[in-house]
$ cat data-v3.cif   # mmCIF, C-alpha atoms and all ligand atoms
data_my_file
loop_
_atom_site.label_atom_id
_atom_site.label_comp_id
_atom_site.auth_asym_id
_atom_site.auth_seq_id
_atom_site.Cartn_x
_atom_site.Cartn_y
_atom_site.Cartn_z
CA MET A 1 12.60 24.91 -4.19
CA ASN A 2 11.50 24.99 -7.81
CA TYR A 3 11.69 22.65 -10.81
CA ASP A 4 10.19 23.41 -14.20
CA GLY A 5 8.12 26.24 -12.70
CA VAL A 6 6.70 24.00 -9.96
CA GLU A 7 7.36 24.97 -6.35
CA PHE A 8 7.96 22.20 -3.83
CA ASN A 9 9.29 21.56 -0.34
CA GLU A 10 11.33 18.54 0.70
CA CYS A 11 10.15 16.67 3.82
CA GLU A 12 11.79 14.53 6.47
CA GLU A 13 11.66 10.77 5.80
CA VAL A 14 10.75 11.44 2.12
CA TYR A 15 12.97 10.96 -0.95
CA PRO A 16 14.18 14.38 -2.12
CA PRO A 17 13.87 14.93 -5.89
CA ALA A 18 17.11 13.90 -7.60
CA GLU A 19 18.51 13.05 -11.05
CA ASP A 20 16.13 10.08 -11.44
CA THR A 21 13.12 12.30 -10.61
CA PHE A 22 14.18 14.89 -13.19
CA LEU A 23 14.87 12.22 -15.85
CA LEU A 24 11.25 11.12 -15.51
CA ILE A 25 9.81 14.66 -15.48
CA ASP A 26 11.86 15.71 -18.52
CA ASN A 27 10.62 12.73 -20.56
CA LEU A 28 7.00 12.38 -19.46
CA MET A 29 4.80 11.02 -22.25
CA VAL A 30 1.77 12.81 -20.87
CA GLN A 31 -1.01 14.25 -23.05
CA SER A 32 -4.07 16.39 -22.42
CA GLY A 33 -7.04 14.23 -21.53
CA TYR A 34 -4.89 11.51 -19.95
CA ASP A 35 -5.67 9.86 -16.61
CA VAL A 36 -2.27 9.29 -15.00
CA LEU A 37 -1.27 7.05 -12.07
CA GLU A 38 2.00 7.66 -10.24
CA ILE A 39 3.20 4.89 -7.93
CA GLY A 40 5.64 6.09 -5.26
CA THR A 41 5.06 9.83 -5.51
CA GLY A 42 7.47 10.96 -2.74
CA THR A 43 7.25 14.77 -2.58
CA GLY A 44 4.60 14.71 -5.33
CA LEU A 45 6.77 16.70 -7.77
CA VAL A 46 6.37 14.28 -10.72
CA SER A 47 2.60 14.13 -10.21
CA ILE A 48 2.30 17.92 -10.03
CA CYS A 49 4.31 18.35 -13.26
CA ALA A 50 2.14 15.71 -14.98
CA SER A 51 -1.07 17.28 -13.68
CA LEU A 52 -0.32 20.52 -15.54
CA LYS A 53 -0.60 18.67 -18.85
CA CYS A 54 -3.33 16.06 -18.32
CA SER A 55 -6.84 15.49 -17.08
CA SER A 56 -6.27 13.73 -13.75
CA VAL A 57 -3.48 12.25 -11.65
CA THR A 58 -3.74 9.60 -8.93
CA SER A 59 -0.65 9.68 -6.71
CA THR A 60 0.25 6.87 -4.34
CA ASP A 61 2.97 5.98 -1.89
CA ILE A 62 3.56 3.30 0.74
CA ASN A 63 5.32 5.85 3.00
CA PRO A 64 2.85 7.85 5.15
CA TYR A 65 5.33 10.76 5.37
CA ALA A 66 5.36 10.92 1.56
CA ILE A 67 1.55 11.04 1.49
CA LYS A 68 1.55 14.10 3.79
CA CYS A 69 4.42 15.72 1.88
CA ALA A 70 2.75 15.24 -1.52
CA GLU A 71 -0.55 16.61 -0.19
CA ALA A 72 1.23 19.74 1.10
CA ASN A 73 3.06 20.32 -2.21
CA ILE A 74 -0.13 19.78 -4.21
CA LYS A 75 -1.84 22.43 -2.07
CA LEU A 76 1.16 24.76 -2.52
CA ASN A 77 0.59 24.55 -6.29
CA ASN A 78 -3.22 24.82 -6.07
CA ARG A 79 -3.71 21.62 -8.08
CA ASP A 80 -7.27 20.29 -7.95
CA ASN A 81 -6.87 17.36 -10.37
CA ILE A 82 -4.65 15.15 -8.18
CA THR A 83 -5.95 12.47 -5.79
CA VAL A 84 -3.50 11.09 -3.21
CA ILE A 85 -3.93 7.51 -1.94
CA LYS A 86 -1.74 5.55 0.49
CA SER A 87 -1.14 2.21 -1.16
CA ASP A 88 1.38 -0.62 -1.44
CA LEU A 89 1.74 -0.67 -5.23
CA PHE A 90 -1.78 -1.29 -6.65
CA ASP A 91 -3.45 -2.58 -3.46
CA ASN A 92 -5.84 0.40 -3.15
CA ILE A 93 -6.16 1.15 -6.88
CA ASN A 94 -9.23 0.19 -8.90
CA GLY A 95 -9.20 2.26 -12.08
CA LYS A 96 -7.45 2.01 -15.44
CA TYR A 97 -4.99 4.62 -16.66
CA ASP A 98 -3.53 6.06 -19.87
CA LEU A 99 -0.12 6.45 -18.26
CA ILE A 100 1.45 4.72 -15.22
CA LEU A 101 4.64 6.24 -13.77
CA PHE A 102 7.07 4.81 -11.21
CA ASN A 103 10.53 6.01 -10.20
CA THR A 104 11.28 2.70 -8.52
CA PRO A 105 13.41 1.69 -5.51
CA TYR A 106 16.12 0.16 -7.68
CA LEU A 107 19.27 -0.19 -5.59
CA PRO A 108 20.54 -3.65 -4.63
CA VAL A 109 20.58 -3.83 -0.80
CA THR A 110 21.78 -6.91 1.09
CA ASP A 111 19.97 -8.27 4.16
CA GLU A 112 22.81 -6.88 6.29
CA GLU A 113 22.44 -3.40 4.78
CA HIS A 114 18.64 -3.41 4.98
CA VAL A 115 17.10 -0.80 7.32
CA ASP A 116 13.47 -1.26 8.31
CA ASP A 117 12.19 2.34 8.09
CA GLU A 118 9.98 4.39 5.78
CA TYR A 119 12.77 6.43 4.17
CA SER A 120 14.74 3.41 2.93
CA LYS A 121 11.74 2.19 0.95
CA ALA A 122 12.66 4.91 -1.57
CA TRP A 123 15.74 3.03 -2.82
CA ASP A 124 15.84 -0.43 -1.23
CA GLY A 125 15.23 -2.91 -4.04
CA GLY A 126 16.27 -5.99 -2.07
CA GLU A 127 19.22 -8.27 -2.82
CA ASN A 128 19.11 -7.84 -6.63
CA GLY A 129 17.49 -4.40 -6.76
CA ARG A 130 14.38 -5.89 -8.39
CA GLU A 131 12.11 -6.86 -5.51
CA VAL A 132 9.64 -3.98 -5.97
CA ILE A 133 10.23 -3.65 -9.73
CA ASP A 134 9.19 -7.28 -10.37
CA LYS A 135 6.04 -6.97 -8.23
CA PHE A 136 5.16 -3.74 -10.08
CA LEU A 137 5.68 -5.29 -13.53
CA LYS A 138 3.43 -8.25 -12.70
CA GLN A 139 0.50 -6.01 -11.75
CA ALA A 140 0.85 -2.85 -13.87
CA PRO A 141 -0.52 -4.08 -17.25
CA GLN A 142 -3.98 -4.85 -15.81
CA TYR A 143 -4.31 -1.18 -14.73
CA LEU A 144 -3.57 0.13 -18.23
CA LYS A 145 -6.23 1.38 -20.62
CA GLU A 146 -6.32 -0.06 -24.16
CA ASN A 147 -3.50 2.15 -25.53
CA GLY A 148 -1.86 2.83 -22.20
CA THR A 149 1.81 3.48 -21.49
CA ILE A 150 4.11 2.60 -18.56
CA GLN A 151 7.18 4.69 -17.75
CA LEU A 152 9.50 3.44 -15.03
CA VAL A 153 12.91 4.56 -13.83
CA GLN A 154 15.55 2.07 -12.67
CA SER A 155 19.30 1.64 -13.03
CA SER A 156 21.91 -0.48 -14.77
CA LEU A 157 22.53 -1.98 -11.29
CA SER A 158 19.08 -3.62 -11.34
CA ASP A 159 19.14 -5.30 -14.79
CA ASN A 160 17.44 -3.17 -17.45
CA GLU A 161 17.27 -6.10 -19.88
CA LYS A 162 15.27 -8.22 -17.43
CA THR A 163 12.67 -5.43 -17.19
CA ILE A 164 12.45 -5.13 -20.98
CA GLN A 165 12.12 -8.89 -21.46
CA THR A 166 9.48 -9.15 -18.68
CA LEU A 167 7.43 -6.38 -20.29
CA LYS A 168 7.68 -8.09 -23.69
CA LYS A 169 6.47 -11.38 -22.18
CA LEU A 170 3.49 -9.43 -20.81
CA GLY A 171 2.66 -8.37 -24.37
CA LEU A 172 4.07 -4.85 -24.26
CA LYS A 173 6.61 -3.13 -26.50
CA ALA A 174 9.41 -1.84 -24.26
CA GLU A 175 12.58 0.17 -24.73
CA ILE A 176 14.99 2.46 -22.91
CA THR A 177 13.93 5.99 -23.85
CA ALA A 178 16.35 8.05 -21.74
CA ILE A 179 19.63 7.43 -19.91
CA GLU A 180 21.70 9.50 -17.51
CA HIS A 181 25.13 8.39 -16.35
CA ILE A 182 25.72 9.09 -12.65
CA PHE A 183 28.88 7.99 -10.78
CA PHE A 184 29.02 4.19 -11.26
CA GLU A 185 25.59 3.54 -12.76
CA ASP A 186 23.28 4.51 -15.62
CA ILE A 187 19.85 5.71 -14.54
CA THR A 188 17.39 4.55 -17.19
CA LEU A 189 13.87 5.44 -18.17
CA ILE A 190 12.03 2.46 -19.66
CA THR A 191 8.87 3.12 -21.62
CA ALA A 192 6.38 0.35 -22.48
CA TYR A 193 3.09 0.35 -24.30
CA LYS A 194 0.59 -2.14 -25.64
CA ALA A 195 1.73 -3.45 -29.00
C1 LIG B 201 12.98 6.69 -5.79
S1 LIG B 201 11.63 7.24 -4.79
C2 LIG B 201 10.79 8.30 -5.98
C3 LIG B 201 9.98 9.40 -5.34
C4 LIG B 201 9.41 10.42 -6.33
N1 LIG B 201 8.49 9.83 -7.27
C5 LIG B 201 10.54 11.07 -7.10
O1 LIG B 201 10.72 10.71 -8.27
O2 LIG B 201 11.23 11.91 -6.52
C6 LIG B 201 10.55 5.80 -4.73
C7 LIG B 201 9.24 6.04 -4.01
O3 LIG B 201 8.48 4.83 -4.08
C8 LIG B 201 7.86 4.59 -2.82
N2 LIG B 201 7.61 3.15 -2.72
C9 LIG B 201 8.49 2.14 -2.46
N3 LIG B 201 7.88 0.96 -2.46
C10 LIG B 201 6.56 1.20 -2.72
C11 LIG B 201 5.40 0.37 -2.83
N4 LIG B 201 5.48 -0.96 -2.66
N5 LIG B 201 4.22 0.96 -3.10
C12 LIG B 201 4.13 2.30 -3.26
N6 LIG B 201 5.19 3.15 -3.16
C13 LIG B 201 6.39 2.59 -2.90
C14 LIG B 201 8.86 5.12 -1.80
O4 LIG B 201 8.26 5.38 -0.55
C15 LIG B 201 9.37 6.38 -2.52
O5 LIG B 201 8.59 7.50 -2.21
#
$ encode --input "data-v3.cif" --output "structure tokens" --more "lines below"
Ligand SMILES: C[S@@+](CC[C@H](N)C(=O)[O-])C[C@H]1O[C@@H](n2cnc3c(N)ncnc32)[C@H](O)[C@@H]1O
Amino acid sequence: MNYDGVEFNECEEVYPPAEDTFLLIDNLMVQSGYDVLEIGTGTGLVSICASLKCSSVTSTDINPYAIKCAEANIKLNNRDNITVIKSDLFDNINGKYDLILFNTPYLPVTDEEHVDDEYSKAWDGGENGREVIDKFLKQAPQYLKENGTIQLVQSSLSDNEKTIQTLKKLGLKAEITAIEHIFFEDITLITAYKA
């Protein structure tokens, strides 16, 4: 498969690139010289696209199948400026970054609907869709460089306004910078930077 000139393969137990992936890729605020961190890289497609325009990318995922998949796709594209790390959010991250990216697990999933496997971690955002988003927002600012930027994807089903208000309370300017309407929800890209 190919997106934006980047070849990639989908893998079992790993989120296949979809509208939310492409919304992020099409609106990346990446610049040459940037050190980029992607949380939840899945197939690695977003990281590979970013790596073509910046200095370095660190790609993480909690799903071990995603780690293997991203490594294979990075090799397929001969990228030598991407480091892949298995990590639950920022647990194994030490550096500071110009740009932090996360296409989050944003769907509300009840306890009854919850499935305890690796694949479901791609979309399962807990009862209100915000379980992972809120943990991410709490930690992300301390991994940003002075003029760093956060770009995260979520949906109208997981309360965009709460994300914007949380980011503002953390001292960041935040706004919706891209929207795509799909079926019964709006997929949104929220961009935040130090004021
Ligand atoms: C919606 S998918 C996005 C995958 C890929 N970035 C894309 O856009 O196609 C969310 C990804 O986040 C990962 N993820 C979920 N919770 C995580 C956590 N706590 N830490 C790191 N990655 C996580 C999932 O395994 C999944 O690969």
$ closest_atom_pairs --input "data-v3.cif" --of "chain A" --to "ligand LIG 201 (chain B)" --cutoff "8 Å" --atoms "all atoms listed in the file" --output "tab-separated table"
residue	atom	partner	partner_atom	distance
A:Val14	CA	B:LIG201	O5	6.2
A:Tyr15	CA	B:LIG201	S1	5.5
A:Pro16	CA	B:LIG201	O2	5.8
A:Pro17	CA	B:LIG201	O2	4.1
A:Ala18	CA	B:LIG201	O2	6.3
A:Asp20	CA	B:LIG201	O1	6.3
A:Thr21	CA	B:LIG201	O1	3.7
A:Phe22	CA	B:LIG201	O1	7.3
A:Leu24	CA	B:LIG201	O1	7.3
A:Glu38	CA	B:LIG201	N1	7.5
A:Ile39	CA	B:LIG201	C12	5.4
A:Gly40	CA	B:LIG201	O3	3.3
A:Thr41	CA	B:LIG201	N1	3.9
A:Gly42	CA	B:LIG201	O5	3.7
A:Thr43	CA	B:LIG201	C4	6.1
A:Gly44	CA	B:LIG201	C4	6.5
A:Leu45	CA	B:LIG201	O2	6.7
A:Val46	CA	B:LIG201	N1	6.0
A:Ser47	CA	B:LIG201	N1	7.9
A:Thr60	CA	B:LIG201	C12	6.1
A:Asp61	CA	B:LIG201	N6	3.8
A:Ile62	CA	B:LIG201	C12	4.2
A:Asn63	CA	B:LIG201	O4	4.6
A:Ala66	CA	B:LIG201	O5	6.0
A:Lys86	CA	B:LIG201	C12	7.7
A:Ser87	CA	B:LIG201	C12	5.7
A:Asp88	CA	B:LIG201	N5	3.6
A:Leu89	CA	B:LIG201	N5	3.7
A:Phe90	CA	B:LIG201	N5	7.3
A:Phe102	CA	B:LIG201	N1	6.5
A:Asn103	CA	B:LIG201	C2	4.8
A:Thr104	CA	B:LIG201	C6	5.0
A:Pro105	CA	B:LIG201	C1	5.0
A:Tyr106	CA	B:LIG201	C1	7.5
A:Glu118	CA	B:LIG201	O4	6.6
A:Tyr119	CA	B:LIG201	O4	6.6
A:Ser120	CA	B:LIG201	O4	7.6
A:Lys121	CA	B:LIG201	C9	4.7
A:Ala122	CA	B:LIG201	C15	3.7
A:Trp123	CA	B:LIG201	C1	5.5
A:Asp124	CA	B:LIG201	C9	7.9
A:Val132	CA	B:LIG201	N4	6.1
A:Phe136	CA	B:LIG201	N4	7.9
$ atom_distance --input "data-v3.cif" --atom1 "CA of Ser155 (chain A)" --atom2 "CA of Leu189 (chain A)"
8.4 Å
$ atom_distance --input "data-v3.cif" --atom1 "CA of Val84 (chain A)" --atom2 "CA of Ala70 (chain A)"
7.7 Å
$ closest_residue --input "data-v3.cif" --among "A:Ile74, A:Asn128, A:Asp98, A:Leu28" --to "Asp111 (chain A)" --atoms "all atoms listed in the file"
A:Asn128
$ residues_around --input "data-v3.cif" --residues "Asp80 (chain A)" --least-positions-apart "6" --cutoff "12 Å" --atoms "only C-alpha atoms" --output "list in words"
Ser47, Ile48, Ser51, Leu52, Cys54, Ser55, Ser56, Val57, Thr58, Glu71, Asn73 and Ile74 of chain A
$ atom_distance --input "data-v3.cif" --atom1 "CA of Val109 (chain A)" --atom2 "CA of Ile133 (chain A)"
13.7 Å
